[in-house]
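J.: Input: one structure, supplied below.
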Amino acid sequence: MNKKTVALTDGQYRNIIETIHSGFVCKDGHVVKPNKRIAAALSLEANLGLRISDVLQLRLSAIIRDGNRYRLDIVEKKTKKKREFTVPIEIYSYIQNYVLENRINPAARLFDISERAVQNHLQLVCGYLGLENISTHSFRKFFASSIYVNNGYNIELVRVLLQHSSVATTQRYIGIQSKEIENALRNHIKLL
């Protein structure tokens, strides 16, 4: 059966990241140590809307100071599209602190780890927490869904941030219909 990856809720996002930070013991007794590297990678995916493949290629030097803001200066691995969106100062500071704490050269990759390793660790965490249909992509979908809801259901804004070619693609991606359709369906309920 083909399982569809779902977007995380705020609670699931926090629970997963906190569990990765603290570590845990599986039912079979397997000890999973805290992993700040994986927690940081998934946090950046959830906060920047990048695919995990792009997060794992990220370097501090790829965030450019542009006047009074910082912006990404990368080419997406999957689409080959240039990505030059603003990086909020809080996220830039988070990355900078991560680099300093881990003694990473600004020109080096932030995360010396494979997608498979991140996915495997995430599956252990989700199994421990009893969560299903969650993958690394759930963090990008979390970003998209949160932006959609917190910005007046502006699907065009989400389309631009995800760099999708059409609104229809974005709607399918985050599993939503236009707000008008959702409201019409909700307002039509005539249960007796």
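Naming scheme: A, B, ... for chains in displayed order of the structure tokens; residues 1 onward per chain; ligands 1 onward as shown.
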Stretch 42-145 of chain A: which residues are alpha helix (DSSP H) by DSSP, as a VMD selection string?

T.: chain A and resid 42 to 48 52 to 55 89 to 101 115 to 129 137 to 145

J.: Now that the selection is made, can you save its residues with N, CA and C atoms as a short mmCIF file (atom, residue, chain, number, x, y, z; two decimals), in the first residue's frame?

T.:
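Final file, again39.cif:
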```
data_model
loop_
_atom_site.label_atom_id
_atom_site.label_comp_id
_atom_site.auth_asym_id
_atom_site.auth_seq_id
_atom_site.Cartn_x
_atom_site.Cartn_y
_atom_site.Cartn_z
N LEU A 42 16.49 19.00 10.46
CA LEU A 42 15.03 18.95 10.31
C LEU A 42 14.39 20.29 10.69
N SER A 43 14.95 20.95 11.69
CA SER A 43 14.45 22.28 12.08
C SER A 43 14.63 23.28 10.94
N LEU A 44 15.76 23.22 10.26
CA LEU A 44 15.98 24.14 9.14
C LEU A 44 15.03 23.82 7.98
N GLU A 45 14.78 22.54 7.74
CA GLU A 45 13.82 22.19 6.70
C GLU A 45 12.44 22.77 7.03
N ALA A 46 12.04 22.68 8.28
CA ALA A 46 10.72 23.17 8.72
C ALA A 46 10.65 24.69 8.73
N ASN A 47 11.78 25.36 8.88
CA ASN A 47 11.77 26.82 8.98
C ASN A 47 12.12 27.54 7.68
N LEU A 48 12.79 26.86 6.77
CA LEU A 48 13.15 27.48 5.50
C LEU A 48 12.36 26.93 4.32
N ILE A 52 15.15 18.32 2.17
CA ILE A 52 16.25 17.83 3.00
C ILE A 52 17.53 17.75 2.19
N SER A 53 17.44 17.42 0.91
CA SER A 53 18.64 17.34 0.07
C SER A 53 19.35 18.70 0.01
N ASP A 54 18.59 19.79 0.00
CA ASP A 54 19.19 21.12 -0.03
C ASP A 54 19.71 21.54 1.34
N VAL A 55 18.99 21.15 2.39
CA VAL A 55 19.45 21.45 3.76
C VAL A 55 20.81 20.79 3.99
N ILE A 89 16.60 36.81 10.53
CA ILE A 89 17.79 36.96 11.38
C ILE A 89 17.85 35.89 12.47
N GLU A 90 16.69 35.48 13.01
CA GLU A 90 16.67 34.45 14.05
C GLU A 90 17.21 33.11 13.51
N ILE A 91 16.85 32.81 12.28
CA ILE A 91 17.32 31.55 11.68
C ILE A 91 18.80 31.66 11.32
N TYR A 92 19.21 32.83 10.81
CA TYR A 92 20.63 33.03 10.52
C TYR A 92 21.45 32.89 11.80
N SER A 93 20.98 33.46 12.90
CA SER A 93 21.69 33.36 14.19
C SER A 93 21.74 31.92 14.67
N TYR A 94 20.64 31.19 14.49
CA TYR A 94 20.59 29.76 14.86
C TYR A 94 21.67 28.99 14.10
N ILE A 95 21.76 29.24 12.79
CA ILE A 95 22.76 28.56 11.96
C ILE A 95 24.18 28.97 12.39
N GLN A 96 24.35 30.25 12.61
CA GLN A 96 25.66 30.76 13.04
C GLN A 96 26.10 30.11 14.36
N ASN A 97 25.19 30.02 15.32
CA ASN A 97 25.49 29.37 16.60
C ASN A 97 25.83 27.89 16.41
N TYR A 98 25.08 27.23 15.54
CA TYR A 98 25.34 25.81 15.24
C TYR A 98 26.75 25.64 14.68
N VAL A 99 27.13 26.53 13.77
CA VAL A 99 28.46 26.49 13.16
C VAL A 99 29.55 26.70 14.22
N LEU A 100 29.34 27.69 15.08
CA LEU A 100 30.33 27.97 16.13
C LEU A 100 30.44 26.82 17.14
N GLU A 101 29.31 26.32 17.60
CA GLU A 101 29.31 25.23 18.60
C GLU A 101 29.97 23.96 18.06
N GLU A 115 21.05 11.69 3.50
CA GLU A 115 19.58 11.73 3.60
C GLU A 115 19.07 10.45 4.24
N ARG A 116 19.66 9.33 3.87
CA ARG A 116 19.23 8.03 4.40
C ARG A 116 19.41 7.99 5.92
N ALA A 117 20.52 8.52 6.42
CA ALA A 117 20.76 8.53 7.87
C ALA A 117 19.71 9.37 8.59
N VAL A 118 19.37 10.52 8.02
CA VAL A 118 18.35 11.38 8.62
C VAL A 118 17.00 10.65 8.61
N GLN A 119 16.67 10.06 7.47
CA GLN A 119 15.39 9.35 7.33
C GLN A 119 15.31 8.17 8.31
N ASN A 120 16.39 7.41 8.44
CA ASN A 120 16.40 6.27 9.36
C ASN A 120 16.22 6.72 10.81
N HIS A 121 16.91 7.79 11.19
CA HIS A 121 16.77 8.30 12.56
C HIS A 121 15.34 8.80 12.80
N LEU A 122 14.80 9.50 11.82
CA LEU A 122 13.43 10.00 11.94
C LEU A 122 12.44 8.85 12.08
N GLN A 123 12.65 7.77 11.35
CA GLN A 123 11.74 6.62 11.45
C GLN A 123 11.80 5.98 12.85
N LEU A 124 13.00 5.93 13.43
CA LEU A 124 13.13 5.43 14.81
C LEU A 124 12.32 6.31 15.77
N VAL A 125 12.47 7.62 15.63
CA VAL A 125 11.76 8.56 16.49
C VAL A 125 10.25 8.42 16.31
N CYS A 126 9.80 8.37 15.06
CA CYS A 126 8.36 8.26 14.80
C CYS A 126 7.80 6.94 15.33
N GLY A 127 8.56 5.87 15.21
CA GLY A 127 8.14 4.59 15.78
C GLY A 127 8.01 4.69 17.29
N TYR A 128 8.97 5.31 17.91
CA TYR A 128 8.95 5.50 19.36
C TYR A 128 7.75 6.34 19.79
N LEU A 129 7.44 7.39 19.01
CA LEU A 129 6.33 8.29 19.35
C LEU A 129 4.97 7.80 18.84
N HIS A 137 10.18 14.79 4.36
CA HIS A 137 9.37 15.71 3.56
C HIS A 137 8.21 16.30 4.35
N SER A 138 7.82 15.64 5.43
CA SER A 138 6.76 16.16 6.30
C SER A 138 7.14 17.52 6.88
N PHE A 139 8.43 17.78 7.03
CA PHE A 139 8.89 19.05 7.59
C PHE A 139 8.73 20.18 6.58
N ARG A 140 8.96 19.90 5.29
CA ARG A 140 8.71 20.90 4.23
C ARG A 140 7.21 21.14 4.10
N LYS A 141 6.42 20.08 4.20
CA LYS A 141 4.97 20.24 4.14
C LYS A 141 4.45 21.01 5.35
N PHE A 142 5.07 20.81 6.51
CA PHE A 142 4.73 21.57 7.71
C PHE A 142 4.98 23.06 7.45
N PHE A 143 6.12 23.39 6.88
CA PHE A 143 6.44 24.77 6.51
C PHE A 143 5.34 25.34 5.61
N ALA A 144 5.01 24.61 4.55
CA ALA A 144 4.03 25.08 3.58
C ALA A 144 2.65 25.26 4.21
N SER A 145 2.21 24.29 4.99
CA SER A 145 0.89 24.37 5.62
C SER A 145 0.82 25.51 6.62
#
```

J.: Using only C-alpha atoms, which protein or nucleic acid residues come within 9 Å of stretch 62-79 of chain A? Drop anything in the same chain fewer than 2 positions from it, and give the result as a list in words.

T.: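 With the cut-off at 9 Å, the set is Leu50, Arg51, Ser53, Asp54, Gln57, Leu58, Arg59, Leu60, Lys81, Lys82, Arg83, Glu84, Phe85, Thr86, Val87, Pro88, Ile89, Tyr92, Pro106 and Ala107 of chain A.
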
J.: What's the separation between atom CA of A:Val31 and atom CA of A:Asp10, in Å to one decimal place?

T.: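 Distance between the two atoms: 26.0 Å.
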
J.: List the spatial neighbours of stretch 150-160 of chain A as an MDAnalysis selection string - criterion: any atom at most 7 Å away, only C-alpha atoms, same-chain residues fewer than 5 positions off excluded.

T.: chainID A and resid 144 166:167 170 179

J.: Name all residues at most 7 Å from stretch 12-20 of chain A (count only C-alpha atoms; drop same-chain ones fewer than 6 positions away) and give them as a ChimeraX atom specification.

T.: /A:34-35,39,125

J.: Next, the residues of the selection above should be written as a compact mmCIF listing (two decimals), in the first residue's frame with C-alpha atoms.

T.:
```txt
# COMPACT_ATOMS: atom_id res chain seq x y z
CA PRO A 34 20.53 12.62 21.41
CA ASN A 35 21.37 13.92 17.94
CA ALA A 39 17.42 17.93 14.98
CA VAL A 125 11.76 8.56 16.49
```

J.: Find the residue from A:Leu110, A:Ile174, A:Ala168, A:Cys26 that sits nearest to A:Leu8; use only C-alpha atoms when measuring.

T.: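 With only C-alpha atoms as the atom set, the closest residue is A:Ile174.
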
J.: How many Å separate atom CA of A:Gly175 from atom CA of A:Thr5?

T.: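 It comes out at 10.3 Å.
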
J.: List every residue of stretch 21-109 of chain A that DSSP, applied to the backbone of this structure, assigns to strand (DSSP E or B), and report them as an NGL selection string.

T.: :A and (24-25 or 31-32 or 59 or 63-66 or 69-72 or 74-75 or 82-83 or 86-87 or 109)

J.: Those residues with N, CA and C atoms, as a PDB file, in the first residue's frame please?

T.:
```pdb
ATOM      1  N   PHE A  24      16.249   8.635  23.433  1.00  0.00           N
ATOM      2  CA  PHE A  24      15.184   7.784  23.964  1.00  0.00           C
ATOM      3  C   PHE A  24      15.618   6.325  23.917  1.00  0.00           C
ATOM      4  N   VAL A  25      14.815   5.480  24.529  1.00  0.00           N
ATOM      5  CA  VAL A  25      15.067   4.044  24.530  1.00  0.00           C
ATOM      6  C   VAL A  25      13.882   3.366  23.846  1.00  0.00           C
ATOM      7  N   VAL A  31      19.078   1.876  22.653  1.00  0.00           N
ATOM      8  CA  VAL A  31      19.239   3.255  23.113  1.00  0.00           C
ATOM      9  C   VAL A  31      19.571   4.138  21.911  1.00  0.00           C
ATOM     10  N   VAL A  32      18.770   5.181  21.716  1.00  0.00           N
ATOM     11  CA  VAL A  32      19.013   6.153  20.649  1.00  0.00           C
ATOM     12  C   VAL A  32      19.492   7.429  21.321  1.00  0.00           C
ATOM     13  N   ARG A  59      25.584  25.569   3.412  1.00  0.00           N
ATOM     14  CA  ARG A  59      26.803  26.091   4.020  1.00  0.00           C
ATOM     15  C   ARG A  59      26.484  27.481   4.553  1.00  0.00           C
ATOM     16  N   ILE A  63      24.588  31.846   2.769  1.00  0.00           N
ATOM     17  CA  ILE A  63      23.643  32.853   3.262  1.00  0.00           C
ATOM     18  C   ILE A  63      24.374  34.189   3.187  1.00  0.00           C
ATOM     19  N   ILE A  64      23.895  35.041   2.321  1.00  0.00           N
ATOM     20  CA  ILE A  64      24.569  36.284   1.968  1.00  0.00           C
ATOM     21  C   ILE A  64      23.912  37.472   2.673  1.00  0.00           C
ATOM     22  N   ARG A  65      24.730  38.365   3.181  1.00  0.00           N
ATOM     23  CA  ARG A  65      24.188  39.616   3.702  1.00  0.00           C
ATOM     24  C   ARG A  65      23.871  40.502   2.497  1.00  0.00           C
ATOM     25  N   ASP A  66      22.637  40.978   2.446  1.00  0.00           N
ATOM     26  CA  ASP A  66      22.161  41.783   1.314  1.00  0.00           C
ATOM     27  C   ASP A  66      21.482  43.019   1.902  1.00  0.00           C
ATOM     28  N   ARG A  69      19.395  42.671   5.311  1.00  0.00           N
ATOM     29  CA  ARG A  69      18.807  41.336   5.451  1.00  0.00           C
ATOM     30  C   ARG A  69      19.820  40.276   5.034  1.00  0.00           C
ATOM     31  N   TYR A  70      19.490  39.030   5.349  1.00  0.00           N
ATOM     32  CA  TYR A  70      20.260  37.886   4.870  1.00  0.00           C
ATOM     33  C   TYR A  70      19.379  37.130   3.887  1.00  0.00           C
ATOM     34  N   ARG A  71      20.011  36.506   2.896  1.00  0.00           N
ATOM     35  CA  ARG A  71      19.242  35.724   1.925  1.00  0.00           C
ATOM     36  C   ARG A  71      20.025  34.488   1.511  1.00  0.00           C
ATOM     37  N   LEU A  72      19.277  33.475   1.131  1.00  0.00           N
ATOM     38  CA  LEU A  72      19.886  32.263   0.594  1.00  0.00           C
ATOM     39  C   LEU A  72      20.446  32.547  -0.787  1.00  0.00           C
ATOM     40  N   ILE A  74      21.485  29.767  -3.181  1.00  0.00           N
ATOM     41  CA  ILE A  74      21.727  28.366  -3.539  1.00  0.00           C
ATOM     42  C   ILE A  74      20.971  28.016  -4.813  1.00  0.00           C
ATOM     43  N   VAL A  75      21.320  26.876  -5.378  1.00  0.00           N
ATOM     44  CA  VAL A  75      20.571  26.291  -6.485  1.00  0.00           C
ATOM     45  C   VAL A  75      20.006  24.981  -5.949  1.00  0.00           C
ATOM     46  N   LYS A  82      17.363  28.575  -8.917  1.00  0.00           N
ATOM     47  CA  LYS A  82      18.081  29.422  -7.972  1.00  0.00           C
ATOM     48  C   LYS A  82      17.118  29.800  -6.856  1.00  0.00           C
ATOM     49  N   ARG A  83      17.597  29.785  -5.634  1.00  0.00           N
ATOM     50  CA  ARG A  83      16.763  30.138  -4.477  1.00  0.00           C
ATOM     51  C   ARG A  83      17.457  31.266  -3.733  1.00  0.00           C
ATOM     52  N   THR A  86      14.786  35.460   1.543  1.00  0.00           N
ATOM     53  CA  THR A  86      15.275  36.011   2.808  1.00  0.00           C
ATOM     54  C   THR A  86      15.381  34.919   3.869  1.00  0.00           C
ATOM     55  N   VAL A  87      16.425  35.001   4.651  1.00  0.00           N
ATOM     56  CA  VAL A  87      16.591  34.142   5.828  1.00  0.00           C
ATOM     57  C   VAL A  87      16.402  35.052   7.033  1.00  0.00           C
ATOM     58  N   ARG A 109      30.005  22.176   4.473  1.00  0.00           N
ATOM     59  CA  ARG A 109      28.604  21.794   4.662  1.00  0.00           C
ATOM     60  C   ARG A 109      28.282  21.772   6.152  1.00  0.00           C
TER      61      ARG A 109
END
```

J.: I'd like the interatomic distance between atom CA of A:Lys36 and atom CA of A:Asn102, to a tenth of an Å.

T.: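 Going from atom CA of A:Lys36 over to atom CA of A:Asn102, I get 10.1 Å.
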